[in-house]
$ cat input_16.cif   # mmCIF, C-alpha atoms
data_data
#
loop_
_atom_site.label_atom_id
_atom_site.label_comp_id
_atom_site.auth_asym_id
_atom_site.auth_seq_id
_atom_site.Cartn_x
_atom_site.Cartn_y
_atom_site.Cartn_z
CA MET A 24 -49.56 6.18 74.61
CA ASN A 25 -47.88 7.77 71.68
CA LEU A 26 -46.51 11.10 72.74
CA GLN A 27 -45.21 11.92 69.30
CA THR A 28 -48.79 12.65 68.36
CA ALA A 29 -48.99 15.43 70.90
CA SER A 30 -48.59 18.82 69.27
CA PRO A 31 -49.87 22.33 69.89
CA GLY A 32 -53.37 22.96 68.65
CA ASN A 33 -54.12 19.26 68.56
CA VAL A 34 -56.82 18.47 71.08
CA ALA A 35 -56.04 14.78 70.77
CA GLY A 36 -52.51 15.49 71.89
CA LEU A 37 -53.72 17.58 74.80
CA PHE A 38 -55.82 14.75 76.12
CA ALA A 39 -53.03 12.25 75.63
CA ALA A 40 -50.69 14.46 77.63
CA LEU A 41 -53.27 14.83 80.39
CA SER A 42 -53.86 11.10 80.58
CA ASP A 43 -51.32 10.75 83.38
CA PRO A 44 -52.59 11.60 86.88
CA HIS A 45 -49.41 13.47 87.81
CA ARG A 46 -49.49 15.55 84.67
CA LEU A 47 -53.17 16.26 85.08
CA ALA A 48 -52.61 17.36 88.68
CA ILE A 49 -49.71 19.58 87.63
CA PHE A 50 -51.72 21.12 84.85
CA GLU A 51 -54.79 21.69 87.00
CA ARG A 52 -52.74 23.34 89.71
CA LEU A 53 -50.99 25.63 87.26
CA ALA A 54 -54.36 26.47 85.71
CA ALA A 55 -55.90 27.24 89.11
CA GLU A 56 -53.00 28.98 90.84
CA GLY A 57 -50.96 30.54 88.07
CA GLU A 58 -47.29 30.14 87.29
CA LYS A 59 -44.93 28.23 89.54
CA THR A 60 -41.31 27.24 89.71
CA VAL A 61 -40.33 23.67 88.93
CA GLY A 62 -39.53 23.19 92.61
CA GLU A 63 -42.98 24.32 93.71
CA ILE A 64 -44.59 22.08 91.12
CA GLY A 65 -42.78 19.05 92.49
CA GLU A 66 -43.56 19.70 96.15
CA PRO A 67 -46.91 17.89 96.45
CA PHE A 68 -45.58 14.77 94.74
CA ASP A 69 -43.61 11.87 96.03
CA ILE A 70 -41.69 11.50 92.78
CA SER A 71 -38.19 12.49 91.76
CA GLY A 72 -37.12 15.80 90.26
CA PRO A 73 -36.20 14.17 86.94
CA ALA A 74 -39.64 12.52 86.83
CA ILE A 75 -41.27 15.93 87.33
CA SER A 76 -39.09 17.33 84.57
CA ARG A 77 -40.16 14.57 82.22
CA HIS A 78 -43.83 15.28 82.93
CA LEU A 79 -43.26 18.98 82.34
CA ALA A 80 -41.54 18.22 79.05
CA VAL A 81 -44.55 16.19 77.90
CA LEU A 82 -46.93 18.99 78.87
CA GLU A 83 -44.75 21.49 77.06
CA THR A 84 -44.50 19.36 73.93
CA ALA A 85 -48.27 19.06 73.88
CA GLY A 86 -48.52 22.83 74.04
CA LEU A 87 -50.28 22.78 77.40
CA ILE A 88 -47.66 24.74 79.32
CA GLU A 89 -44.71 26.96 78.58
CA ARG A 90 -41.44 27.10 80.48
CA ARG A 91 -39.01 29.94 80.84
CA VAL A 92 -35.99 30.75 82.94
CA GLU A 93 -36.22 33.70 85.32
CA LYS A 94 -33.00 34.48 87.16
CA GLN A 95 -31.98 31.10 88.50
CA TRP A 96 -35.54 29.74 88.51
CA ARG A 97 -37.29 27.69 85.92
CA VAL A 98 -40.91 28.85 85.81
CA CYS A 99 -43.90 27.14 84.22
CA ARG A 100 -47.33 28.37 83.32
CA VAL A 101 -50.37 27.19 81.46
CA ARG A 102 -50.86 28.32 77.89
CA GLU A 103 -54.26 29.97 77.77
CA GLU A 104 -54.91 28.73 74.23
CA ALA A 105 -54.43 25.16 75.39
CA LEU A 106 -56.76 25.60 78.32
CA MET A 107 -59.40 26.97 75.99
CA ALA A 108 -58.97 24.10 73.58
CA VAL A 109 -59.42 21.49 76.30
CA GLU A 110 -62.33 23.27 77.92
CA ASP A 111 -63.92 23.75 74.58
CA TRP A 112 -64.08 20.07 73.75
CA VAL A 113 -65.57 18.95 77.05
CA THR A 114 -67.90 21.90 77.32
CA ARG A 115 -69.16 21.41 73.82
CA GLN A 116 -69.66 17.70 74.31
CA ARG A 117 -71.55 18.21 77.56
CA ARG A 118 -73.71 20.87 75.98
CA PHE A 119 -74.44 18.51 73.13
CA TRP A 120 -75.72 15.79 75.45
CA ASN A 121 -77.75 18.07 77.68
CA ALA A 122 -79.44 19.68 74.72
CA SER A 123 -80.08 16.27 73.22
CA PHE A 124 -81.54 14.93 76.45
CA ASP A 125 -83.99 17.84 76.59
CA ARG A 126 -85.24 16.75 73.20
CA LEU A 127 -85.15 13.07 74.16
CA ALA A 128 -87.45 13.78 77.11
CA ARG A 129 -89.99 15.41 74.80
CA HIS A 130 -89.61 12.67 72.23
CA LEU A 131 -90.26 9.98 74.85
CA GLU A 132 -93.38 11.77 76.04
CA ASN A 133 -94.65 11.71 72.47
CA GLN A 134 -93.77 8.04 72.14
CA GLU A 135 -95.55 7.26 75.37
CA GLU A 136 -98.69 8.98 74.15
CA LYS A 137 -98.53 7.13 70.86
CA LYS A 138 -97.97 3.79 72.55
CA ASP A 139 -100.67 4.12 75.16
CA GLY A 140 -103.16 5.85 72.95
CA SER A 141 -106.48 6.39 74.60
CA ALA A 142 -105.66 4.05 77.50
CA ARG A 143 -103.69 6.81 79.20
CA LYS A 144 -106.04 9.67 78.55
CA ARG A 145 -107.83 10.99 81.56
CA MET B 17 -71.02 -2.78 85.97
CA GLU B 18 -67.53 -1.64 85.27
CA ALA B 19 -65.89 0.03 88.22
CA LEU B 20 -64.21 3.34 87.67
CA ALA B 21 -60.61 3.52 88.69
CA SER B 22 -59.92 6.54 90.87
CA ASP B 23 -57.84 8.19 88.20
CA ASP B 24 -60.36 7.74 85.43
CA ARG B 25 -61.35 11.05 83.93
CA VAL B 26 -64.86 10.99 82.68
CA LEU B 27 -67.77 13.08 81.55
CA LYS B 28 -70.81 11.85 83.40
CA LEU B 29 -74.40 12.96 83.02
CA GLN B 30 -77.60 11.68 84.56
CA ARG B 31 -81.17 12.32 83.54
CA GLU B 32 -84.55 10.94 84.47
CA PHE B 33 -87.17 10.22 81.86
CA LYS B 34 -90.84 9.45 82.21
CA ALA B 35 -90.63 6.30 80.14
CA ALA B 36 -89.66 2.72 80.82
CA PRO B 37 -86.02 1.67 80.28
CA ASP B 38 -86.85 -0.28 77.15
CA MET B 39 -88.41 2.77 75.53
CA VAL B 40 -85.47 4.96 76.42
CA PHE B 41 -83.09 2.31 75.15
CA ALA B 42 -84.99 2.05 71.87
CA ALA B 43 -84.60 5.79 71.34
CA TRP B 44 -80.83 5.24 71.20
CA ILE B 45 -80.70 2.52 68.58
CA GLU B 46 -83.67 2.98 66.27
CA PRO B 47 -82.67 5.32 63.45
CA GLU B 48 -86.04 7.04 63.13
CA GLN B 49 -86.05 7.73 66.85
CA ILE B 50 -82.45 8.93 66.97
CA ALA B 51 -83.35 11.48 64.31
CA GLN B 52 -85.97 12.91 66.67
CA TRP B 53 -83.65 13.95 69.44
CA PHE B 54 -79.98 13.65 68.57
CA GLY B 55 -78.27 17.02 68.76
CA PRO B 56 -79.41 20.37 70.11
CA GLU B 57 -82.72 21.97 69.22
CA GLY B 58 -82.92 22.92 65.58
CA MET B 59 -80.63 20.12 64.40
CA SER B 60 -81.87 17.67 61.87
CA VAL B 61 -80.33 14.29 61.26
CA PRO B 62 -80.48 13.70 57.51
CA ARG B 63 -78.10 10.76 57.56
CA LYS B 64 -78.36 7.98 60.13
CA GLU B 65 -76.71 4.65 59.53
CA ILE B 66 -77.22 2.40 62.49
CA ASP B 67 -76.03 -1.18 62.62
CA ALA B 68 -77.10 -1.87 66.18
CA ARG B 69 -75.20 -5.02 67.03
CA VAL B 70 -71.90 -5.61 68.75
CA GLY B 71 -69.18 -4.60 66.30
CA GLY B 72 -71.71 -2.80 64.10
CA LYS B 73 -70.99 0.73 62.96
CA TRP B 74 -73.09 3.80 63.40
CA LEU B 75 -72.85 7.20 61.77
CA THR B 76 -75.04 10.26 61.93
CA THR B 77 -74.86 13.55 60.13
CA MET B 78 -76.34 16.51 61.95
CA ARG B 79 -77.42 19.58 60.06
CA GLY B 80 -77.78 22.88 61.84
CA ALA B 81 -80.17 25.68 60.98
CA ASP B 82 -77.34 27.31 59.02
CA GLY B 83 -77.01 24.22 56.83
CA ALA B 84 -73.63 23.27 58.25
CA GLU B 85 -73.24 19.53 58.75
CA ARG B 86 -71.26 17.66 61.34
CA ILE B 87 -70.63 13.95 61.26
CA VAL B 88 -70.15 11.74 64.28
CA SER B 89 -69.58 8.01 64.15
CA GLY B 90 -68.50 4.96 66.07
CA VAL B 91 -68.87 1.25 66.69
CA TYR B 92 -71.16 -0.57 69.10
CA ARG B 93 -69.30 -2.41 71.81
CA GLU B 94 -72.08 -3.70 74.06
CA ILE B 95 -75.79 -3.93 73.51
CA ASP B 96 -77.61 -5.24 76.55
CA ARG B 97 -81.15 -4.09 76.05
CA PRO B 98 -82.64 -2.48 78.10
CA ARG B 99 -79.84 -2.09 80.60
CA ARG B 100 -76.65 -0.96 78.99
CA LEU B 101 -75.32 0.37 75.72
CA VAL B 102 -71.67 1.01 74.93
CA PHE B 103 -70.34 2.54 71.75
CA THR B 104 -67.39 4.52 70.50
CA TRP B 105 -67.75 8.13 69.51
CA ALA B 106 -65.77 10.55 67.37
CA TRP B 107 -66.65 13.75 65.58
CA HIS B 108 -65.29 13.98 62.08
CA ASN B 109 -63.05 16.91 61.24
CA ASP B 110 -62.04 17.55 57.66
CA GLY B 111 -62.96 14.03 56.67
CA LYS B 112 -61.03 12.42 59.50
CA ARG B 113 -62.34 11.02 62.75
CA GLY B 114 -61.13 13.14 65.64
CA HIS B 115 -60.79 12.55 69.37
CA GLU B 116 -62.13 9.06 69.99
CA THR B 117 -64.13 8.40 73.13
CA GLU B 118 -66.28 5.63 74.50
CA VAL B 119 -69.85 6.27 75.58
CA THR B 120 -71.63 4.04 78.08
CA VAL B 121 -75.32 4.56 78.65
CA GLU B 122 -77.01 2.78 81.53
CA PHE B 123 -80.75 2.58 82.02
CA ARG B 124 -82.24 1.86 85.42
CA ALA B 125 -85.92 1.62 86.21
CA LYS B 126 -86.97 4.27 88.67
CA GLY B 127 -90.66 4.26 89.52
CA GLU B 128 -92.42 4.23 86.19
CA GLY B 129 -89.55 6.01 84.57
CA THR B 130 -85.86 5.58 83.89
CA LEU B 131 -82.73 6.95 85.40
CA MET B 132 -80.26 7.19 82.54
CA THR B 133 -76.56 7.60 83.17
CA LEU B 134 -74.21 8.56 80.37
CA THR B 135 -70.50 8.17 80.87
CA GLN B 136 -68.08 9.32 78.22
CA ARG B 137 -64.44 8.57 78.60
CA THR B 138 -61.30 8.38 76.63
CA PHE B 139 -59.78 5.09 75.70
CA ALA B 140 -57.10 2.98 77.21
CA GLU B 141 -54.69 2.20 74.43
CA SER B 142 -55.02 -1.57 74.71
CA ARG B 143 -58.75 -1.46 74.12
CA ASP B 144 -58.39 0.67 71.09
CA ARG B 145 -55.37 -0.77 69.36
CA ASP B 146 -57.25 -2.27 66.46
CA MET B 147 -58.86 0.93 65.40
CA HIS B 148 -56.52 3.72 66.24
CA GLN B 149 -52.88 4.45 66.55
CA MET B 150 -53.34 6.91 69.30
CA GLY B 151 -53.96 5.90 72.86
CA TRP B 152 -56.44 7.47 75.15
CA SER B 153 -56.71 6.78 78.80
CA SER B 154 -58.02 9.92 80.28
CA SER B 155 -60.17 12.94 79.91
CA PHE B 156 -60.21 16.15 81.86
CA ASN B 157 -62.29 15.56 84.90
CA ASP B 158 -62.54 18.89 86.61
CA LEU B 159 -64.10 20.45 83.57
CA ALA B 160 -66.54 17.60 83.28
CA ARG B 161 -68.18 17.37 86.64
CA PHE B 162 -71.09 15.22 87.48
CA LEU B 163 -74.37 16.84 86.65
CA GLY B 164 -76.88 15.69 89.15
CA GLY B 165 -74.74 12.61 89.75
#
$ encode --input "input_16.cif" --output "structure tokens"
Amino acid sequence: MNLQTASPGNVAGLFAALSDPHRLAIFERLAAEGEKTVGEIGEPFDISGPAISRHLAVLETAGLIERRVEKQWRVCRVREEALMAVEDWVTRQRRFWNASFDRLARHLENQEEKKDGSARKR
Amino acid sequence: MEALASDDRVLKLQREFKAAPDMVFAAWIEPEQIAQWFGPEGMSVPRKEIDARVGGKWLTTMRGADGAERIVSGVYREIDRPRRLVFTWAWHNDGKRGHETEVTVEFRAKGEGTLMTLTQRTFAESRDRDMHQMGWSSSFNDLARFLGG
């Protein structure tokens, strides 16, 4: 995976950044539960602090999350624009197929009638 | 059938049709048929270039009611009529192919009809190295739940 291609506003980069199960889990949790400290983010995982930091850096580079320092804590949260961009692609694609399949069902019924001709008529 | 690894992130859709698998399959690869159903209601498909063989390219242009056109294209990877069809998929943005995915469509006889399963997933880099510089290995699963799956 080429992480250099990940940049804000680039859906391709968003998906590349989310291609790792740890990063996806981190992102999903932040999206569902709101902002968290780096320590909280690492809790569910059996991986090192530096590994968590690397994942967070990738997510940040991709524009999926933003990090800030609050008192002595480092806090992360999802960027809403990124969430919308990711949702948008999947949602649009799913809508495309479902709408197409509605038409495909009608098209196949027409085909069936054509094929069978009078044999099927009752 | 290819097994899904637990961490695969996929868009998966299932639909039943009242037609035999071979008829449903044909609707995917015959240009005149594709034009009848590809895209949401109101879309027309003025351009459809379909080279339905393994390694063959396909490209369709969809025109909305407003006249705006969108292009989507890919390459056929597997054609196992009437069971399984695999092809790559990318919308074009500003003349460039965007986010590349792989679409697998499986057709299973069910009564007199067909249970069709569409799976769309991002690429693993190794499978895509000839065509693209960017690697894909995942999509975003929670936003792409099974529909009737």
$ atom_distance --input "input_16.cif" --atom1 "CA of Leu79 in chain A" --atom2 "CA of Leu106 in chain A"
15.6 Å
$ residues_around --input "input_16.cif" --residues "Thr117 in chain B" --least-positions-apart "4" --cutoff "6 Å" --atoms "all atoms listed in the file" --output "list in words"
Thr104, Trp105, Arg137 and Thr138 of chain B
$ atom_distance --input "input_16.cif" --atom1 "CA of Val40 in chain B" --atom2 "CA of Leu131 in chain B"
9.6 Å
$ resolve_selection --input "input_16.cif" --expression "the PyMOL selection byres ((chain B and resi 77-90) around 10)" --output "PDB file with C-alpha atoms, keeping the file's coordinate frame"
ATOM      1  CA  ALA B  51     -83.350  11.480  64.310  1.00  0.00           C
ATOM      2  CA  PHE B  54     -79.980  13.650  68.570  1.00  0.00           C
ATOM      3  CA  GLY B  55     -78.270  17.020  68.760  1.00  0.00           C
ATOM      4  CA  PRO B  56     -79.410  20.370  70.110  1.00  0.00           C
ATOM      5  CA  GLU B  57     -82.720  21.970  69.220  1.00  0.00           C
ATOM      6  CA  GLY B  58     -82.920  22.920  65.580  1.00  0.00           C
ATOM      7  CA  MET B  59     -80.630  20.120  64.400  1.00  0.00           C
ATOM      8  CA  SER B  60     -81.870  17.670  61.870  1.00  0.00           C
ATOM      9  CA  VAL B  61     -80.330  14.290  61.260  1.00  0.00           C
ATOM     10  CA  PRO B  62     -80.480  13.700  57.510  1.00  0.00           C
ATOM     11  CA  ARG B  63     -78.100  10.760  57.560  1.00  0.00           C
ATOM     12  CA  LYS B  64     -78.360   7.980  60.130  1.00  0.00           C
ATOM     13  CA  GLU B  65     -76.710   4.650  59.530  1.00  0.00           C
ATOM     14  CA  ILE B  66     -77.220   2.400  62.490  1.00  0.00           C
ATOM     15  CA  GLY B  71     -69.180  -4.600  66.300  1.00  0.00           C
ATOM     16  CA  GLY B  72     -71.710  -2.800  64.100  1.00  0.00           C
ATOM     17  CA  LYS B  73     -70.990   0.730  62.960  1.00  0.00           C
ATOM     18  CA  TRP B  74     -73.090   3.800  63.400  1.00  0.00           C
ATOM     19  CA  LEU B  75     -72.850   7.200  61.770  1.00  0.00           C
ATOM     20  CA  THR B  76     -75.040  10.260  61.930  1.00  0.00           C
ATOM     21  CA  VAL B  91     -68.870   1.250  66.690  1.00  0.00           C
ATOM     22  CA  TYR B  92     -71.160  -0.570  69.100  1.00  0.00           C
ATOM     23  CA  ARG B  93     -69.300  -2.410  71.810  1.00  0.00           C
ATOM     24  CA  PHE B 103     -70.340   2.540  71.750  1.00  0.00           C
ATOM     25  CA  THR B 104     -67.390   4.520  70.500  1.00  0.00           C
ATOM     26  CA  TRP B 105     -67.750   8.130  69.510  1.00  0.00           C
ATOM     27  CA  ALA B 106     -65.770  10.550  67.370  1.00  0.00           C
ATOM     28  CA  TRP B 107     -66.650  13.750  65.580  1.00  0.00           C
ATOM     29  CA  HIS B 108     -65.290  13.980  62.080  1.00  0.00           C
ATOM     30  CA  ASN B 109     -63.050  16.910  61.240  1.00  0.00           C
ATOM     31  CA  ASP B 110     -62.040  17.550  57.660  1.00  0.00           C
ATOM     32  CA  GLY B 111     -62.960  14.030  56.670  1.00  0.00           C
ATOM     33  CA  LYS B 112     -61.030  12.420  59.500  1.00  0.00           C
ATOM     34  CA  ARG B 113     -62.340  11.020  62.750  1.00  0.00           C
ATOM     35  CA  GLY B 114     -61.130  13.140  65.640  1.00  0.00           C
ATOM     36  CA  GLU B 116     -62.130   9.060  69.990  1.00  0.00           C
ATOM     37  CA  THR B 117     -64.130   8.400  73.130  1.00  0.00           C
ATOM     38  CA  GLU B 118     -66.280   5.630  74.500  1.00  0.00           C
ATOM     39  CA  VAL B 119     -69.850   6.270  75.580  1.00  0.00           C
TER      40      VAL B 119
END
$ closest_residue --input "input_16.cif" --among "A:Glu132, A:Ile70, A:Ala55, A:Lys137" --to "Phe33 in chain B" --atoms "only C-alpha atoms"
A:Glu132
$ atom_distance --input "input_16.cif" --atom1 "CA of Arg52 in chain A" --atom2 "CA of Phe68 in chain A"
12.2 Å
